[in-house]
Every structure is written in structure tokens, then in C-alpha cells.
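This report concerns only the one structure given below.
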Amino acid sequence: MRLERTGTQGLFLEAPVNTPVPDDWIRRGGLQKVERWTTAELEEHAAALAAAEATVAAETKAILAELRAEAAGAAADLRDLGRYLAAADASLALALVAAERGWVRPTVDDGDELRIEAGRHPVLEVNREFRPNDACLRRRGARDQLVVLTGPNMAGKSTWMRQVALVTLLAQVGSFVPARAARVGLVDAIFTRIGATDDLTGGRSTFMVEMLETAGVLNGATDRSLVLLDEIGRGTSTHDGMALAWAVIEHLATGRVRPRAIVATHYHELAALHDVHPQVALLRAAVEERPDGIAFPHRIEPGAADRSFGIEVARLAGLPPAVLARAAAVADAIEPLSAAIAARLGGGNNARPKPHPNRPAARTAGGADSDGGLVLTGD
Ligand SMILES: Nc1ncnc2c1ncn2[C@@H]1O[C@H](COP(=O)(O)OP(=O)(O)OP(=O)(O)O)[C@@H](O)[C@H]1O
Ligand SMILES: [Mg+2]
């Protein structure tokens, strides 16, 4: 004999079939092997239990409602407190970093210039000896409006572009910046197109993603924007890619909207754009050729590169020697084509490295050259 309780039948006594029970028990039903019974006393008890449970539920609900109302009353203040603490935390973090790393207070105004003296990358400067570099861009400038940045693989192009963007961003959020000095004419947005990725599930190939991003930049940028294109026209044929890159740069340099912009590229032929449009400045990431290989001093200097040293970087990455040798032979064979293309694009002018006067961005910052730079050793 057991006392049981179910949701549908409530409290009842359960006994095996044919068990003798007192006469005043009332049969509630049964299953194959058991019968269920109730009594007047059990009914009373069940009613008392249900009433007690209802009271507990009502009281719990009332207490919860009270707590909710109290929390709602304090929510606005708590949210404000959270916001103030977050702001204080962010400001403190920026202040500590600025003090520890010798960051400086930038000038932020509504001028056209973006000028950084001896700028550094705020993340890379932590773990390595970092080579500072200058930058100078002018919105709608007759010079230095758009930088075409060339240079070997691994030479520091992407790093420099990103540090320009990061210094700008830090200045505009009210932080000190990693530089010797900086003047930031307000930027309304930083547009970037960096790297290569695809979106297979979204039905977008690598080059399609690249072009969609480029379209987003060209359609979204205003005169006040900062535009960074870390290589464009890579994922298609060299001719199409170079043509697109040329046209995109011209659009940014001569169109209705002429933002401050940096375009990094391995299409050295694009240096000819400077001959056609003086607002296009040429900068390059330096490389030093040594008897034992090449070294990257990570110096951004005036001029255009004429080699990417891609085969040397491939050697460093471990490509088989036979592949490297064959690549070198192929490169030698097609080299003259590149010079011919550059000559045609530049209207016959020489597009090779040509320091140009009056370019403050051309000054290189920091001390002597390749300390801390990367050396690629040939075999
Ligand atoms: N100014 C600098 N000081 C010290 N190290 C640097 C500096 N600039 C770049 N480096 C180092 O060199 C590496 C390669 O730089 P980065 O990726 O900018 O080269 P890149 O010119 O964009 O090459 P690629 O053409 O292959 O994209 C960085 O990961 C960084 O470690
Ligand atoms: Mg790069």
C-alpha cells in the first residue's frame, strides 16, 4: 500500500488488486495490477495542500514583482554607472598606454591634412624594435592626396597603412597617439579593403568579394574620408587587375570625391600615375640588397619600387629550389614587358623611382637604417 500523487488524479492510496480495504474508502480507479483509493481525510488533506501551494505561488509571484519593480527603478542609474565605468576604464587604459609608451597628444582639427611624424604601429611596437615612419596626406591636395605605395613583399607596406589608420582612429577617439607628432584633419570614416577572402555559402568568389568591397569604398567615401586599399586587382588576370587598379586610383585622385587615400600595390607599373596626376604621390617600402641576401629596413621613402622580391620571399617560405629557379627564369623573360607597359601608361614618361620635391611625407623618421629589420638570406 502506497500514498501516490499524480497531476491528473491528485492524492490517492494505491494497493495491489484484491487487497481488502476499509469500507469507507472510495475507489478512484485502477490499473492492471493496482487499485487506487481515496478517503474523506485524504480529500481534506489534498484540499489543504492545494490551498497552501496556491498561497506559496501567489506570494512568490508578489515578491518577484516587487523585486522586478525595484530593479526597473534602479536600471537607468545602473546602466549609466556601467557606461561611466566603461568610459573611465577605456580612458584609463589609453592614458596608461600613452604614459608607458611615450605617445603624444595629436592636434585634431577640421583641416585637410593628415600628417604623422615618426608614427608607429600601436600593436607591433610592443613586441619588436619598431621602425617609425612619417605620413602626409592632403584632402583634395594638388600633391600628396593619394599615395601609391609599392615595395617588396614583407617590406612593411600593410603595417604602415594600418598604422596611419590606427593613429587617425586613436586621435579621433580622444587618445594620445604612437608618434612624435601628429595632426589629424577630421576624418568622417575610414574605408579599407584588405586581404583576400571568399564567401562560398554567400555565393561570392574571392575576386567578387574584392570587387564588392572596392565598390563599397568608391560609393561610400567622401572628401573627408580616409581610404586604404591594401592591394586591388589581385584575384584576376594581371591585365584586368592592373587596369582596374589604375582606374580605381584615377577615380579617387581625379573624381568628384577626392579623399585622402593610400593604395598599396605590387603593380609597379602604376607608378606611372604620378606622371599623369601629380596629386598621386609615390612612396615605397625600402629594400637593401646585400651580398648575403636582401634586408628590409621597414623604411617608407619617396619613389616607386621596381621589384617585389617575391621569389626571395618564396624561398624563405620553403618552396622547392627547382620551382624557385624556374620562377626566376620566367621572371627574367617577362620583365621587359613590365617596363613597356609602364612607359605606355605614363605617356612615355619614365615611371621608375623618382624622389619628388616638397613632399613632407617623404622624410623618413627614426634613426639609422636596418636595425631590427628583416634579412632574407639567399643561398
Ligand atoms: N616599421 C616596422 N618596424 C618593424 N617591423 C616591421 C615594420 N613594418 C613591418 N614590420 C614587420 O614586417 C612584417 C611584414 O610587413 P607587412 O606585412 O607590412 O609587409 P608588406 O609590405 O605588406 O608585404 P606583402 O606585400 O607581402 O603584403 C610585419 O609583419 C612586421 O612584423
Ligand atoms: Mg601587405
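Residue numbering restarts at 1 in every chain; chains get A, B, ... in the order shown in the C-alpha cells, and ligands count up from 1 in that same order.
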
Step by step, measure atom-to-atom distances between ligand 2 and each residue using only C-alpha atoms and all ligand atoms, keep those at most 9 Å, then write them as a ChimeraX atom specification.
-> /A:153-159,194-195,230-231,264-265

Using N, CA and C atoms, can you write the selected residues to a file as a short mmCIF file (atom, residue, chain, number, x, y, z; two decimals), in the first residue's frame?
```cif
data_model
loop_
_atom_site.label_atom_id
_atom_site.label_comp_id
_atom_site.auth_asym_id
_atom_site.auth_seq_id
_atom_site.Cartn_x
_atom_site.Cartn_y
_atom_site.Cartn_z
N ASN A 153 57.48 42.30 -51.08
CA ASN A 153 56.73 41.55 -50.08
C ASN A 153 57.49 41.63 -48.76
N MET A 154 56.76 41.70 -47.69
CA MET A 154 57.35 41.68 -46.34
C MET A 154 58.08 42.97 -45.97
N ALA A 155 57.95 44.01 -46.78
CA ALA A 155 58.78 45.19 -46.54
C ALA A 155 58.12 46.19 -45.59
N GLY A 156 56.83 46.02 -45.31
CA GLY A 156 56.19 46.90 -44.32
C GLY A 156 55.08 47.79 -44.86
N LYS A 157 54.56 47.51 -46.04
CA LYS A 157 53.51 48.35 -46.63
C LYS A 157 52.22 48.29 -45.81
N SER A 158 51.75 47.07 -45.58
CA SER A 158 50.48 46.92 -44.86
C SER A 158 50.59 47.51 -43.45
N THR A 159 51.73 47.29 -42.84
CA THR A 159 51.93 47.79 -41.48
C THR A 159 51.81 49.31 -41.47
N ILE A 194 41.21 45.09 -47.51
CA ILE A 194 42.45 44.44 -47.12
C ILE A 194 42.31 42.93 -47.25
N GLY A 195 43.34 42.29 -47.76
CA GLY A 195 43.37 40.82 -47.75
C GLY A 195 42.50 40.18 -48.81
N ASP A 230 44.59 47.96 -49.57
CA ASP A 230 45.81 47.17 -49.45
C ASP A 230 45.79 46.14 -50.58
N GLU A 231 46.19 46.58 -51.72
CA GLU A 231 46.22 45.80 -52.96
C GLU A 231 44.81 45.64 -53.53
N ALA A 264 48.26 50.34 -51.66
CA ALA A 264 49.47 49.51 -51.74
C ALA A 264 49.31 48.56 -52.91
N THR A 265 50.37 48.38 -53.67
CA THR A 265 50.25 47.51 -54.85
C THR A 265 51.59 46.89 -55.23
#
```

Residues within 10 Å of ligand 1 (only C-alpha atoms and all ligand atoms), as a PyMOL selection string?
-> chain A and resi 118-121+124-125+127-133+149-163+194-195+230-231+264-266+284-286+296-300+308-310+313+366+370-374

Go ahead and write the selection's residues with C-alpha atoms as a PDB file, in the first residue's frame.
```
ATOM      1  CA  ALA A 118      57.607  59.223 -36.777  1.00  0.00           C
ATOM      2  CA  GLY A 119      54.398  57.223 -36.444  1.00  0.00           C
ATOM      3  CA  ARG A 120      54.399  53.720 -35.039  1.00  0.00           C
ATOM      4  CA  HIS A 121      52.029  50.772 -35.118  1.00  0.00           C
ATOM      5  CA  LEU A 124      53.630  45.952 -33.279  1.00  0.00           C
ATOM      6  CA  GLU A 125      55.672  48.474 -31.300  1.00  0.00           C
ATOM      7  CA  ASN A 127      56.950  43.175 -29.121  1.00  0.00           C
ATOM      8  CA  ARG A 128      59.632  44.257 -31.542  1.00  0.00           C
ATOM      9  CA  GLU A 129      62.044  47.007 -32.307  1.00  0.00           C
ATOM     10  CA  PHE A 130      59.799  49.147 -34.432  1.00  0.00           C
ATOM     11  CA  ARG A 131      60.941  51.453 -37.204  1.00  0.00           C
ATOM     12  CA  PRO A 132      58.900  54.715 -37.113  1.00  0.00           C
ATOM     13  CA  ASN A 133      57.802  56.354 -40.360  1.00  0.00           C
ATOM     14  CA  LEU A 149      52.749  52.554 -52.085  1.00  0.00           C
ATOM     15  CA  THR A 150      54.979  49.946 -53.668  1.00  0.00           C
ATOM     16  CA  GLY A 151      57.736  47.783 -52.284  1.00  0.00           C
ATOM     17  CA  PRO A 152      58.774  44.172 -51.846  1.00  0.00           C
ATOM     18  CA  ASN A 153      56.731  41.554 -50.078  1.00  0.00           C
ATOM     19  CA  MET A 154      57.346  41.678 -46.339  1.00  0.00           C
ATOM     20  CA  ALA A 155      58.778  45.192 -46.540  1.00  0.00           C
ATOM     21  CA  GLY A 156      56.191  46.901 -44.318  1.00  0.00           C
ATOM     22  CA  LYS A 157      53.506  48.353 -46.630  1.00  0.00           C
ATOM     23  CA  SER A 158      50.479  46.921 -44.857  1.00  0.00           C
ATOM     24  CA  THR A 159      51.934  47.792 -41.478  1.00  0.00           C
ATOM     25  CA  TRP A 160      52.453  51.427 -42.478  1.00  0.00           C
ATOM     26  CA  MET A 161      48.963  51.770 -43.966  1.00  0.00           C
ATOM     27  CA  ARG A 162      47.367  50.332 -40.878  1.00  0.00           C
ATOM     28  CA  GLN A 163      49.368  52.484 -38.510  1.00  0.00           C
ATOM     29  CA  ILE A 194      42.451  44.444 -47.115  1.00  0.00           C
ATOM     30  CA  GLY A 195      43.374  40.818 -47.754  1.00  0.00           C
ATOM     31  CA  ASP A 230      45.810  47.165 -49.454  1.00  0.00           C
ATOM     32  CA  GLU A 231      46.219  45.799 -52.956  1.00  0.00           C
ATOM     33  CA  ALA A 264      49.471  49.513 -51.744  1.00  0.00           C
ATOM     34  CA  THR A 265      50.253  47.511 -54.850  1.00  0.00           C
ATOM     35  CA  HIS A 266      52.692  45.134 -56.473  1.00  0.00           C
ATOM     36  CA  ARG A 284      57.902  52.741 -51.406  1.00  0.00           C
ATOM     37  CA  ALA A 285      58.911  50.398 -48.645  1.00  0.00           C
ATOM     38  CA  ALA A 286      62.687  50.238 -48.840  1.00  0.00           C
ATOM     39  CA  PHE A 296      64.048  45.158 -45.174  1.00  0.00           C
ATOM     40  CA  PRO A 297      64.759  48.215 -43.061  1.00  0.00           C
ATOM     41  CA  HIS A 298      60.977  48.932 -42.892  1.00  0.00           C
ATOM     42  CA  ARG A 299      61.635  52.474 -44.079  1.00  0.00           C
ATOM     43  CA  ILE A 300      58.917  54.212 -46.094  1.00  0.00           C
ATOM     44  CA  SER A 308      58.746  42.694 -55.420  1.00  0.00           C
ATOM     45  CA  PHE A 309      61.392  40.132 -54.439  1.00  0.00           C
ATOM     46  CA  GLY A 310      58.513  37.654 -54.326  1.00  0.00           C
ATOM     47  CA  VAL A 313      60.192  35.528 -50.023  1.00  0.00           C
ATOM     48  CA  GLY A 366      63.822  57.390 -36.763  1.00  0.00           C
ATOM     49  CA  SER A 370      68.069  48.401 -40.836  1.00  0.00           C
ATOM     50  CA  ASP A 371      68.370  47.764 -37.117  1.00  0.00           C
ATOM     51  CA  GLY A 372      65.620  45.333 -36.303  1.00  0.00           C
ATOM     52  CA  GLY A 373      64.821  44.933 -39.994  1.00  0.00           C
ATOM     53  CA  LEU A 374      64.227  41.542 -41.550  1.00  0.00           C
TER      54      LEU A 374
END
```

Taking the DSSP assignment computed from this structure's backbone, write out as a PyMOL selection string all residues of range 152-190 of chain A that belong to helix (DSSP H, G or I).
-> chain A and resi 157-172

For the residues in the current selection, export C-alpha atoms as an mmCIF file, in the first residue's frame.
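The new file again_35.cif reads:
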```cif
data_model
loop_
_atom_site.group_PDB
_atom_site.id
_atom_site.type_symbol
_atom_site.label_atom_id
_atom_site.label_comp_id
_atom_site.auth_asym_id
_atom_site.auth_seq_id
_atom_site.Cartn_x
_atom_site.Cartn_y
_atom_site.Cartn_z
ATOM 1 C CA LYS A 157 53.506 48.353 -46.630
ATOM 2 C CA SER A 158 50.479 46.921 -44.857
ATOM 3 C CA THR A 159 51.934 47.792 -41.478
ATOM 4 C CA TRP A 160 52.453 51.427 -42.478
ATOM 5 C CA MET A 161 48.963 51.770 -43.966
ATOM 6 C CA ARG A 162 47.367 50.332 -40.878
ATOM 7 C CA GLN A 163 49.368 52.484 -38.510
ATOM 8 C CA VAL A 164 48.192 55.571 -40.410
ATOM 9 C CA ALA A 165 44.589 54.415 -39.913
ATOM 10 C CA LEU A 166 45.143 53.496 -36.264
ATOM 11 C CA VAL A 167 46.817 56.797 -35.414
ATOM 12 C CA THR A 168 43.882 58.587 -37.066
ATOM 13 C CA LEU A 169 41.342 56.499 -35.191
ATOM 14 C CA LEU A 170 43.115 56.919 -31.847
ATOM 15 C CA ALA A 171 43.377 60.680 -32.357
ATOM 16 C CA GLN A 172 39.683 60.934 -33.106
#
```

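Considering only C-alpha atoms, the residue among A:Gly203, A:Arg260, A:Leu283, A:Arg307 positioned nearest to Leu146 in chain A is A:Arg260.
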
Long-range neighbours of range 22-30 of chain A as a list in words, 9 Å cut-off, only C-alpha atoms, 6 positions minimum in chain = Gln9, Phe12, Glu14, Arg36, Trp37, Thr38, Thr39 and Ala40 of chain A

Using only C-alpha atoms, which residue out of A:Arg138, A:Val97, A:Leu316, A:Gly235 lies closest to Ile294 in chain A?
-> A:Leu316

Could you give me, as a PyMOL selection string, each residue of range 51-174 of chain A that DSSP assigns to strand (DSSP E or B) when run on this structure's backbone?
-> chain A and resi 104+107-109+113-119+133-138+146-150

Atoms kept (N, CA and C atoms) for selection, written as a PDB file, in the first residue's frame:
```
ATOM      1  N   VAL A 104      52.010  60.750 -27.888  1.00  0.00           N
ATOM      2  CA  VAL A 104      51.888  62.219 -27.793  1.00  0.00           C
ATOM      3  C   VAL A 104      50.455  62.662 -28.073  1.00  0.00           C
ATOM      4  N   THR A 107      47.160  66.897 -32.672  1.00  0.00           N
ATOM      5  CA  THR A 107      46.274  68.023 -32.966  1.00  0.00           C
ATOM      6  C   THR A 107      45.165  67.500 -33.861  1.00  0.00           C
ATOM      7  N   VAL A 108      43.930  67.702 -33.441  1.00  0.00           N
ATOM      8  CA  VAL A 108      42.802  67.280 -34.280  1.00  0.00           C
ATOM      9  C   VAL A 108      42.045  68.539 -34.676  1.00  0.00           C
ATOM     10  N   ASP A 109      41.932  68.785 -35.967  1.00  0.00           N
ATOM     11  CA  ASP A 109      41.216  69.989 -36.413  1.00  0.00           C
ATOM     12  C   ASP A 109      40.370  69.635 -37.634  1.00  0.00           C
ATOM     13  N   GLU A 113      44.573  68.181 -43.751  1.00  0.00           N
ATOM     14  CA  GLU A 113      45.814  67.398 -43.672  1.00  0.00           C
ATOM     15  C   GLU A 113      45.717  66.181 -42.758  1.00  0.00           C
ATOM     16  N   LEU A 114      46.508  65.222 -43.083  1.00  0.00           N
ATOM     17  CA  LEU A 114      46.763  64.128 -42.144  1.00  0.00           C
ATOM     18  C   LEU A 114      48.277  63.994 -42.146  1.00  0.00           C
ATOM     19  N   ARG A 115      48.893  64.412 -41.051  1.00  0.00           N
ATOM     20  CA  ARG A 115      50.355  64.435 -41.029  1.00  0.00           C
ATOM     21  C   ARG A 115      50.840  63.720 -39.773  1.00  0.00           C
ATOM     22  N   ILE A 116      51.650  62.722 -39.985  1.00  0.00           N
ATOM     23  CA  ILE A 116      52.164  61.951 -38.851  1.00  0.00           C
ATOM     24  C   ILE A 116      53.682  61.949 -38.918  1.00  0.00           C
ATOM     25  N   GLU A 117      54.295  62.365 -37.830  1.00  0.00           N
ATOM     26  CA  GLU A 117      55.764  62.368 -37.781  1.00  0.00           C
ATOM     27  C   GLU A 117      56.217  61.186 -36.946  1.00  0.00           C
ATOM     28  N   ALA A 118      57.068  60.386 -37.503  1.00  0.00           N
ATOM     29  CA  ALA A 118      57.607  59.223 -36.777  1.00  0.00           C
ATOM     30  C   ALA A 118      56.491  58.400 -36.137  1.00  0.00           C
ATOM     31  N   GLY A 119      55.518  58.022 -36.954  1.00  0.00           N
ATOM     32  CA  GLY A 119      54.398  57.223 -36.444  1.00  0.00           C
ATOM     33  C   GLY A 119      54.805  55.774 -36.245  1.00  0.00           C
ATOM     34  N   ASN A 133      57.843  55.740 -39.027  1.00  0.00           N
ATOM     35  CA  ASN A 133      57.802  56.354 -40.360  1.00  0.00           C
ATOM     36  C   ASN A 133      56.821  57.522 -40.372  1.00  0.00           C
ATOM     37  N   ASP A 134      57.088  58.466 -41.266  1.00  0.00           N
ATOM     38  CA  ASP A 134      56.198  59.613 -41.434  1.00  0.00           C
ATOM     39  C   ASP A 134      55.055  59.279 -42.377  1.00  0.00           C
ATOM     40  N   ALA A 135      54.051  60.150 -42.366  1.00  0.00           N
ATOM     41  CA  ALA A 135      52.975  60.056 -43.364  1.00  0.00           C
ATOM     42  C   ALA A 135      52.418  61.455 -43.580  1.00  0.00           C
ATOM     43  N   CYS A 136      52.018  61.733 -44.796  1.00  0.00           N
ATOM     44  CA  CYS A 136      51.379  63.021 -45.073  1.00  0.00           C
ATOM     45  C   CYS A 136      50.391  62.857 -46.211  1.00  0.00           C
ATOM     46  N   LEU A 137      49.151  63.234 -45.941  1.00  0.00           N
ATOM     47  CA  LEU A 137      48.094  63.159 -46.955  1.00  0.00           C
ATOM     48  C   LEU A 137      47.291  64.448 -46.896  1.00  0.00           C
ATOM     49  N   ARG A 138      46.817  64.891 -48.063  1.00  0.00           N
ATOM     50  CA  ARG A 138      46.002  66.109 -48.091  1.00  0.00           C
ATOM     51  C   ARG A 138      44.718  65.876 -48.876  1.00  0.00           C
ATOM     52  N   LEU A 146      46.827  61.214 -52.753  1.00  0.00           N
ATOM     53  CA  LEU A 146      46.732  59.750 -52.763  1.00  0.00           C
ATOM     54  C   LEU A 146      48.137  59.169 -52.896  1.00  0.00           C
ATOM     55  N   VAL A 147      48.472  58.255 -52.029  1.00  0.00           N
ATOM     56  CA  VAL A 147      49.799  57.627 -52.084  1.00  0.00           C
ATOM     57  C   VAL A 147      49.693  56.269 -52.775  1.00  0.00           C
ATOM     58  N   VAL A 148      50.490  56.085 -53.807  1.00  0.00           N
ATOM     59  CA  VAL A 148      50.668  54.739 -54.358  1.00  0.00           C
ATOM     60  C   VAL A 148      51.911  54.161 -53.689  1.00  0.00           C
ATOM     61  N   LEU A 149      51.687  53.125 -52.898  1.00  0.00           N
ATOM     62  CA  LEU A 149      52.749  52.554 -52.085  1.00  0.00           C
ATOM     63  C   LEU A 149      53.194  51.228 -52.674  1.00  0.00           C
ATOM     64  N   THR A 150      54.437  51.190 -53.117  1.00  0.00           N
ATOM     65  CA  THR A 150      54.979  49.946 -53.668  1.00  0.00           C
ATOM     66  C   THR A 150      56.096  49.451 -52.753  1.00  0.00           C
TER      67      THR A 150
END
```

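Here CA of Val257 in chain A stands at a distance of 18.4 Å from CA of His274 in chain A.
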